[in-house]
Amino acid sequence: MYLTDEEKAMLDGKEGPAVQKAMDLLVRYGEALGAERLARTSNVCTAVAISSGLMRDYADKYGFDALFSEFSLDSQEVVEVPMVKTHACQLITGFDAAHWQQMGGTPERVQQIKELEAYNAGIGIQLMSTCTPYQVGNIPVKGEICAWMESSAVVYINSVLGARSNCEGRESTSAAMLTGRIPYWGYHLDENRKATDLVEVELEVESMMDWGLLGYYVGMVVEDRVPVLNGIRHVPNSYRIKHFGASAASSGGVEMYHIPKYTAEAESVEQALGFKKPKNVFKYGKAERQKAYDRLNLSAKNPNVDFIMLGCPHASIEQVWEICKLLKGKKINSGTQLWVFTPRAIRDLADRNGYTKIIEEAGGYLMSDTCPALGQVLPPGTKVVATDSAKQAHYLPAIMGIECWFGSLEDCINAAITGKWSGELK
Amino acid sequence: MKKIVLHGRKVVGGCAEGEALVTRQTISGWGGINPMTGTIIELDHEIRGQSFKDKVLVFPGAKGSSGWSVYFHIARVAGAAPKAMIFNVMTTKAALGAVVSHAPTVTDLDQDPLDIIETGDWVKVDADNGIVEITKKNG
């Protein structure tokens, strides 16, 4: 792989051992990809978090520099980590310290998380602690080369905003923020951003559930290729299109898509396809929607719901408000728990608007920083979950061994109030 | 015993051999594997319940969350990583996951490894030279 003199100097250790390890990782990674060179980036979203028991023990035993060295730089030698070079944002983490009791945590764990936050802030990472940095201030511009992880965020900034990021990992984003470099590859290049597959949408797609089902089906059939949707007649709002991308990134590996006129890089189907014929053409009608719905509800049998999870990807303030409109003045079932997840900055806004109080008075919690799948945390004794998130319904049964219902926000709120699932595909 | 030799491109250097675990389905890292045991956990995955620990993992490619590399990273630290990996479709997830797993890995083979290698075959991966040597279990 070609390196500039400045990059060679980093690799030779002229900027210290941490930058040397970061550049070494980028070279190994770039060569694995078959990249010809590195690109400059100044916008990184990473996850320097403790997301498993193994990491928790590792940090306890060896300290945060050792945790960063191994799990962020793939360096078995412990290096001291300097201030990062780029704008760097912390993505979703494994725990909400403000709700440690509900999450079954301990004061020791809260202490460790606060210490890691101080460490991250000390090296210049913004503590957004959300899977949706684009909802709380990191909104890349069209054409900006970014190094982001979090599949739902990458697909959003590529497709909706026209930024250029591959779906990076913890190690590559950590190396990127220390060097300002990332392998130039994949979705950085114009030719890889064109649609390869055409999806003819024959149904009206309006609600958040509609968009989630469409995304889930699209991911199932196009896998990691680039789809363009034809036949979309209603402009999606930001949370619907957020749900669409997160779903497609879960069932497949979609990192880029086009909806002519609504997403950043296509005015027409032909333009999205680069004026070539699509490699594959799929139809999305009633049978396809049913297939996505059935797969999402594959694990669910028991209608007695213990736990309702809302806010994956993290809810916008509009979504929190919509939840509050349905919940206001109601009480959730005594045997059912309701957790709503939103970025911490939006929770502050929800506090000011009285939304946190409405959710708490109904018997639920407005949480931040994590989600049940990533934090691997559910209310004690949970066997049956319901959610309006296709991503969460995709992952939770496998990760947590529970049954999970997928449906609309209204289905979920009804289940929270009655304790019974009665959702169906209408 | 029948031996077959394939040629490809190094992803991660090194040389290792072991019994093959083959799947025609892409693998999710985060949410798709238990990194402490190397077991595939995705609900309707064709090799759900099987572990790649100490195996040569042969698969089409990576899918799903960007936690892919972290989960293969944890698997390596937990001693549950594959001995070697062979995959077809290059993605950032698969490349980075292979790098941090430290498992010798090859891609771009001259024949589709999914057509040639079956679970249980003995596979030697010489990643530095891009050579895969397969000894069929039913040779």
# chains A, B, ... in the order shown; residues from 1 in each chain; ligands from 1

$ interface_residues --of "chain A" --to "chain B" --cutoff "9 Å" --atoms "only C-alpha atoms" --output "PDB file with N, CA and C atoms, in the first residue's frame"
ATOM      1  N   LEU A  25      -1.806  -0.812  12.349  1.00  0.00           N
ATOM      2  CA  LEU A  25      -3.119  -1.470  12.185  1.00  0.00           C
ATOM      3  C   LEU A  25      -3.752  -1.064  10.856  1.00  0.00           C
ATOM      4  N   ARG A  28      -2.037  -2.900   8.001  1.00  0.00           N
ATOM      5  CA  ARG A  28      -2.456  -4.318   7.943  1.00  0.00           C
ATOM      6  C   ARG A  28      -3.885  -4.428   7.410  1.00  0.00           C
ATOM      7  N   TYR A  29      -4.737  -3.531   7.882  1.00  0.00           N
ATOM      8  CA  TYR A  29      -6.153  -3.541   7.478  1.00  0.00           C
ATOM      9  C   TYR A  29      -6.295  -3.133   6.009  1.00  0.00           C
ATOM     10  N   GLY A  30      -5.570  -2.087   5.614  1.00  0.00           N
ATOM     11  CA  GLY A  30      -5.631  -1.624   4.227  1.00  0.00           C
ATOM     12  C   GLY A  30      -5.149  -2.705   3.264  1.00  0.00           C
ATOM     13  N   GLU A  31      -4.083  -3.396   3.651  1.00  0.00           N
ATOM     14  CA  GLU A  31      -3.570  -4.466   2.787  1.00  0.00           C
ATOM     15  C   GLU A  31      -4.533  -5.647   2.745  1.00  0.00           C
ATOM     16  N   ALA A  32      -5.181  -5.940   3.859  1.00  0.00           N
ATOM     17  CA  ALA A  32      -6.193  -7.010   3.872  1.00  0.00           C
ATOM     18  C   ALA A  32      -7.321  -6.675   2.896  1.00  0.00           C
ATOM     19  N   LEU A  33      -7.715  -5.405   2.876  1.00  0.00           N
ATOM     20  CA  LEU A  33      -8.782  -4.980   1.963  1.00  0.00           C
ATOM     21  C   LEU A  33      -8.332  -4.983   0.503  1.00  0.00           C
ATOM     22  N   GLY A  34      -7.016  -4.794   0.321  1.00  0.00           N
ATOM     23  CA  GLY A  34      -6.521  -4.569  -1.039  1.00  0.00           C
ATOM     24  C   GLY A  34      -6.592  -3.093  -1.421  1.00  0.00           C
ATOM     25  N   SER A  52     -18.494  -6.006  27.004  1.00  0.00           N
ATOM     26  CA  SER A  52     -18.636  -7.417  27.364  1.00  0.00           C
ATOM     27  C   SER A  52     -17.951  -7.660  28.698  1.00  0.00           C
ATOM     28  N   LEU A  54     -15.807  -9.837  29.379  1.00  0.00           N
ATOM     29  CA  LEU A  54     -14.365 -10.047  29.188  1.00  0.00           C
ATOM     30  C   LEU A  54     -13.606  -8.721  29.202  1.00  0.00           C
ATOM     31  N   MET A  55     -14.192  -7.702  28.536  1.00  0.00           N
ATOM     32  CA  MET A  55     -13.534  -6.382  28.524  1.00  0.00           C
ATOM     33  C   MET A  55     -13.560  -5.741  29.908  1.00  0.00           C
ATOM     34  N   GLU A  70      -5.222  -3.079  23.404  1.00  0.00           N
ATOM     35  CA  GLU A  70      -5.668  -4.364  22.856  1.00  0.00           C
ATOM     36  C   GLU A  70      -6.914  -4.202  21.995  1.00  0.00           C
ATOM     37  N   PHE A  71      -7.980  -3.637  22.549  1.00  0.00           N
ATOM     38  CA  PHE A  71      -9.277  -3.711  21.869  1.00  0.00           C
ATOM     39  C   PHE A  71      -9.538  -2.565  20.890  1.00  0.00           C
ATOM     40  N   SER A  72      -8.712  -1.509  20.926  1.00  0.00           N
ATOM     41  CA  SER A  72      -8.897  -0.437  19.953  1.00  0.00           C
ATOM     42  C   SER A  72      -7.771  -0.378  18.934  1.00  0.00           C
ATOM     43  N   LEU A  73      -6.594  -0.895  19.280  1.00  0.00           N
ATOM     44  CA  LEU A  73      -5.456  -0.813  18.343  1.00  0.00           C
ATOM     45  C   LEU A  73      -4.877  -2.175  17.998  1.00  0.00           C
ATOM     46  N   ASP A  74      -5.408  -3.249  18.546  1.00  0.00           N
ATOM     47  CA  ASP A  74      -4.852  -4.585  18.323  1.00  0.00           C
ATOM     48  C   ASP A  74      -3.361  -4.600  18.664  1.00  0.00           C
ATOM     49  N   MET A 149     -18.267   3.693  12.598  1.00  0.00           N
ATOM     50  CA  MET A 149     -18.828   2.372  12.761  1.00  0.00           C
ATOM     51  C   MET A 149     -20.302   2.551  13.125  1.00  0.00           C
ATOM     52  N   GLU A 150     -20.975   1.456  13.443  1.00  0.00           N
ATOM     53  CA  GLU A 150     -22.421   1.445  13.699  1.00  0.00           C
ATOM     54  C   GLU A 150     -23.150   1.401  12.354  1.00  0.00           C
ATOM     55  N   SER A 151     -23.584   0.190  11.992  1.00  0.00           N
ATOM     56  CA  SER A 151     -24.144  -0.027  10.655  1.00  0.00           C
ATOM     57  C   SER A 151     -25.341   0.878  10.364  1.00  0.00           C
ATOM     58  N   SER A 152     -26.187   1.142  11.365  1.00  0.00           N
ATOM     59  CA  SER A 152     -27.377   1.957  11.105  1.00  0.00           C
ATOM     60  C   SER A 152     -27.002   3.414  10.856  1.00  0.00           C
ATOM     61  N   ASN A 166     -17.191   3.774   4.906  1.00  0.00           N
ATOM     62  CA  ASN A 166     -17.425   2.341   4.967  1.00  0.00           C
ATOM     63  C   ASN A 166     -17.906   2.008   6.361  1.00  0.00           C
ATOM     64  N   CYS A 167     -18.395   0.805   6.535  1.00  0.00           N
ATOM     65  CA  CYS A 167     -18.820   0.371   7.852  1.00  0.00           C
ATOM     66  C   CYS A 167     -17.568  -0.079   8.597  1.00  0.00           C
ATOM     67  N   GLU A 168     -16.989   0.839   9.336  1.00  0.00           N
ATOM     68  CA  GLU A 168     -15.728   0.559  10.018  1.00  0.00           C
ATOM     69  C   GLU A 168     -15.966  -0.201  11.316  1.00  0.00           C
ATOM     70  N   GLY A 169     -14.882  -0.605  11.938  1.00  0.00           N
ATOM     71  CA  GLY A 169     -14.964  -1.307  13.217  1.00  0.00           C
ATOM     72  C   GLY A 169     -14.272  -0.513  14.310  1.00  0.00           C
ATOM     73  N   ARG A 170     -14.317  -1.041  15.494  1.00  0.00           N
ATOM     74  CA  ARG A 170     -13.727  -0.360  16.651  1.00  0.00           C
ATOM     75  C   ARG A 170     -12.241  -0.064  16.446  1.00  0.00           C
ATOM     76  N   GLU A 171     -11.520  -1.045  15.916  1.00  0.00           N
ATOM     77  CA  GLU A 171     -10.064  -0.883  15.799  1.00  0.00           C
ATOM     78  C   GLU A 171      -9.717   0.133  14.707  1.00  0.00           C
ATOM     79  N   SER A 172     -10.436   0.073  13.562  1.00  0.00           N
ATOM     80  CA  SER A 172     -10.091   0.989  12.471  1.00  0.00           C
ATOM     81  C   SER A 172     -10.492   2.429  12.800  1.00  0.00           C
ATOM     82  N   TRP A 185     -11.201   3.134   0.121  1.00  0.00           N
ATOM     83  CA  TRP A 185     -11.749   1.858  -0.362  1.00  0.00           C
ATOM     84  C   TRP A 185     -13.280   1.949  -0.377  1.00  0.00           C
ATOM     85  N   GLY A 186     -13.902   1.037  -1.082  1.00  0.00           N
ATOM     86  CA  GLY A 186     -15.353   0.840  -0.989  1.00  0.00           C
ATOM     87  C   GLY A 186     -16.174   2.070  -1.295  1.00  0.00           C
ATOM     88  N   GLU A 223     -28.704  -8.299   0.237  1.00  0.00           N
ATOM     89  CA  GLU A 223     -27.532  -8.564   1.075  1.00  0.00           C
ATOM     90  C   GLU A 223     -26.683  -7.289   1.201  1.00  0.00           C
ATOM     91  N   ASP A 224     -25.426  -7.311   0.715  1.00  0.00           N
ATOM     92  CA  ASP A 224     -24.619  -6.103   0.927  1.00  0.00           C
ATOM     93  C   ASP A 224     -24.459  -5.274  -0.348  1.00  0.00           C
ATOM     94  N   ALA A 249     -29.665  -2.870   7.111  1.00  0.00           N
ATOM     95  CA  ALA A 249     -28.299  -3.177   7.545  1.00  0.00           C
ATOM     96  C   ALA A 249     -28.269  -4.386   8.478  1.00  0.00           C
ATOM     97  N   SER A 250     -29.415  -4.730   9.078  1.00  0.00           N
ATOM     98  CA  SER A 250     -29.471  -5.878   9.992  1.00  0.00           C
ATOM     99  C   SER A 250     -29.727  -7.183   9.260  1.00  0.00           C
ATOM    100  N   SER A 251     -30.705  -7.183   8.372  1.00  0.00           N
ATOM    101  CA  SER A 251     -31.039  -8.431   7.683  1.00  0.00           C
ATOM    102  C   SER A 251     -30.039  -8.729   6.582  1.00  0.00           C
ATOM    103  N   GLY A 252     -29.468  -7.681   5.985  1.00  0.00           N
ATOM    104  CA  GLY A 252     -28.427  -7.874   4.980  1.00  0.00           C
ATOM    105  C   GLY A 252     -27.179  -7.175   5.465  1.00  0.00           C
ATOM    106  N   GLY A 253     -26.508  -6.478   4.603  1.00  0.00           N
ATOM    107  CA  GLY A 253     -25.379  -5.670   5.056  1.00  0.00           C
ATOM    108  C   GLY A 253     -25.405  -4.384   4.278  1.00  0.00           C
ATOM    109  N   VAL A 254     -26.611  -3.860   4.062  1.00  0.00           N
ATOM    110  CA  VAL A 254     -26.747  -2.674   3.201  1.00  0.00           C
ATOM    111  C   VAL A 254     -26.054  -1.475   3.854  1.00  0.00           C
ATOM    112  N   LEU A 298     -40.381 -14.587  14.066  1.00  0.00           N
ATOM    113  CA  LEU A 298     -40.044 -16.016  14.069  1.00  0.00           C
ATOM    114  C   LEU A 298     -39.986 -16.622  15.468  1.00  0.00           C
ATOM    115  N   SER A 299     -39.445 -15.869  16.423  1.00  0.00           N
ATOM    116  CA  SER A 299     -39.218 -16.438  17.757  1.00  0.00           C
ATOM    117  C   SER A 299     -40.453 -16.350  18.644  1.00  0.00           C
ATOM    118  N   ALA A 373     -29.875  -4.920  23.255  1.00  0.00           N
ATOM    119  CA  ALA A 373     -29.051  -5.847  22.489  1.00  0.00           C
ATOM    120  C   ALA A 373     -27.575  -5.561  22.716  1.00  0.00           C
ATOM    121  N   LEU A 374     -27.191  -4.285  22.619  1.00  0.00           N
ATOM    122  CA  LEU A 374     -25.771  -3.973  22.771  1.00  0.00           C
ATOM    123  C   LEU A 374     -25.299  -4.149  24.207  1.00  0.00           C
ATOM    124  N   HIS A 394     -34.527  -8.432  15.242  1.00  0.00           N
ATOM    125  CA  HIS A 394     -33.611  -9.334  14.538  1.00  0.00           C
ATOM    126  C   HIS A 394     -32.575  -9.908  15.499  1.00  0.00           C
ATOM    127  N   TYR A 395     -32.015  -9.056  16.349  1.00  0.00           N
ATOM    128  CA  TYR A 395     -30.866  -9.466  17.155  1.00  0.00           C
ATOM    129  C   TYR A 395     -31.215 -10.046  18.532  1.00  0.00           C
ATOM    130  N   LEU A 396     -32.264  -9.480  19.193  1.00  0.00           N
ATOM    131  CA  LEU A 396     -32.473  -9.844  20.599  1.00  0.00           C
ATOM    132  C   LEU A 396     -32.705 -11.335  20.848  1.00  0.00           C
ATOM    133  N   PRO A 397     -33.544 -12.026  20.029  1.00  0.00           N
ATOM    134  CA  PRO A 397     -33.749 -13.450  20.317  1.00  0.00           C
ATOM    135  C   PRO A 397     -32.442 -14.249  20.267  1.00  0.00           C
ATOM    136  N   ALA A 398     -31.566 -13.920  19.328  1.00  0.00           N
ATOM    137  CA  ALA A 398     -30.306 -14.661  19.207  1.00  0.00           C
ATOM    138  C   ALA A 398     -29.374 -14.334  20.370  1.00  0.00           C
ATOM    139  N   ILE A 399     -29.306 -13.045  20.724  1.00  0.00           N
ATOM    140  CA  ILE A 399     -28.336 -12.634  21.747  1.00  0.00           C
ATOM    141  C   ILE A 399     -28.806 -13.009  23.148  1.00  0.00           C
TER     142      ILE A 399
END

$ residues_around --residues "range 228-230 of chain A" --least-positions-apart "5" --cutoff "7 Å" --atoms "only C-alpha atoms" --output "list of chain:residue names"
A:Ala195, A:Asp197, A:Leu198, A:Val199, A:Glu200, A:Val201, A:Tyr257, A:His258, A:Ile259, A:Val269, A:Ala272

$ residues_around --residues "Glu361 in chain A" --least-positions-apart "6" --cutoff "12 Å" --atoms "only C-alpha atoms" --output "NGL selection string"
:A and (324 or 327-332 or 338 or 354-355)

$ write_last_selection --atoms "N, CA and C atoms" --output "PDB file, in the first residue's frame"
ATOM      1  N   CYS A 324     -45.148   9.635  24.135  1.00  0.00           N
ATOM      2  CA  CYS A 324     -45.816  10.318  25.251  1.00  0.00           C
ATOM      3  C   CYS A 324     -47.286  10.575  24.952  1.00  0.00           C
ATOM      4  N   LEU A 327     -49.026   7.434  25.712  1.00  0.00           N
ATOM      5  CA  LEU A 327     -48.911   6.961  27.101  1.00  0.00           C
ATOM      6  C   LEU A 327     -49.579   7.873  28.116  1.00  0.00           C
ATOM      7  N   LYS A 328     -49.758   9.142  27.772  1.00  0.00           N
ATOM      8  CA  LYS A 328     -50.169  10.142  28.754  1.00  0.00           C
ATOM      9  C   LYS A 328     -51.448   9.731  29.488  1.00  0.00           C
ATOM     10  N   GLY A 329     -51.362   9.741  30.799  1.00  0.00           N
ATOM     11  CA  GLY A 329     -52.523   9.423  31.626  1.00  0.00           C
ATOM     12  C   GLY A 329     -52.798   7.933  31.738  1.00  0.00           C
ATOM     13  N   LYS A 330     -51.983   7.106  31.135  1.00  0.00           N
ATOM     14  CA  LYS A 330     -52.209   5.656  31.206  1.00  0.00           C
ATOM     15  C   LYS A 330     -51.164   5.022  32.123  1.00  0.00           C
ATOM     16  N   LYS A 331     -51.460   3.800  32.539  1.00  0.00           N
ATOM     17  CA  LYS A 331     -50.512   3.046  33.367  1.00  0.00           C
ATOM     18  C   LYS A 331     -50.172   1.754  32.652  1.00  0.00           C
ATOM     19  N   ILE A 332     -48.911   1.422  32.657  1.00  0.00           N
ATOM     20  CA  ILE A 332     -48.559   0.161  32.020  1.00  0.00           C
ATOM     21  C   ILE A 332     -48.852  -0.992  32.970  1.00  0.00           C
ATOM     22  N   LEU A 338     -41.433  -1.096  30.525  1.00  0.00           N
ATOM     23  CA  LEU A 338     -41.258  -0.315  29.292  1.00  0.00           C
ATOM     24  C   LEU A 338     -39.986   0.519  29.402  1.00  0.00           C
ATOM     25  N   GLY A 354     -40.934  17.751  29.802  1.00  0.00           N
ATOM     26  CA  GLY A 354     -41.849  16.985  30.652  1.00  0.00           C
ATOM     27  C   GLY A 354     -42.118  15.584  30.135  1.00  0.00           C
ATOM     28  N   TYR A 355     -41.419  15.160  29.085  1.00  0.00           N
ATOM     29  CA  TYR A 355     -41.686  13.833  28.496  1.00  0.00           C
ATOM     30  C   TYR A 355     -41.171  12.702  29.385  1.00  0.00           C
TER      31      TYR A 355
END

$ select_by_dssp --residues "range 58-98 of chain B" --states "helix (DSSP H, G or I)" --output "list in words"
Trp68, Ser69, Val70, Tyr71, Phe72, His73, Ile74, Ala75, Arg76, Val77, Thr92, Lys93, Ala94, Ala95, Leu96, Gly97 and Ala98 of chain B

$ residues_around --residues "Asp121 in chain B" --least-positions-apart "3" --cutoff "10 Å" --atoms "only C-alpha atoms" --output "MDAnalysis selection string"
chainID B and resid 18:22 56 116:118 124 134:139

$ write_last_selection --atoms "C-alpha atoms" --output "compact mmCIF listing (two decimals), in the first residue's frame"
# COMPACT_ATOMS: atom_id res chain seq x y z
CA GLY B 18 -7.26 -27.77 10.94
CA GLU B 19 -10.66 -29.27 10.29
CA ALA B 20 -12.95 -27.20 8.09
CA LEU B 21 -16.27 -25.71 9.22
CA VAL B 22 -18.09 -24.63 6.08
CA VAL B 56 -10.72 -23.47 9.57
CA ILE B 116 -14.68 -27.65 -2.94
CA ILE B 117 -14.36 -27.68 0.84
CA GLU B 118 -16.80 -29.57 3.05
CA LYS B 124 -4.00 -26.16 5.46
CA ILE B 134 -7.45 -29.53 1.13
CA THR B 135 -7.46 -33.18 2.16
CA LYS B 136 -10.95 -34.57 1.62
CA LYS B 137 -12.38 -36.53 4.53
CA ASN B 138 -14.04 -38.85 2.02
CA GLY B 139 -11.13 -38.94 -0.38

$ residues_around --residues "Glu204 in chain A" --least-positions-apart "4" --cutoff "10 Å" --atoms "only C-alpha atoms" --output "PyMOL selection string"
chain A and resi 210-211+231-234+285
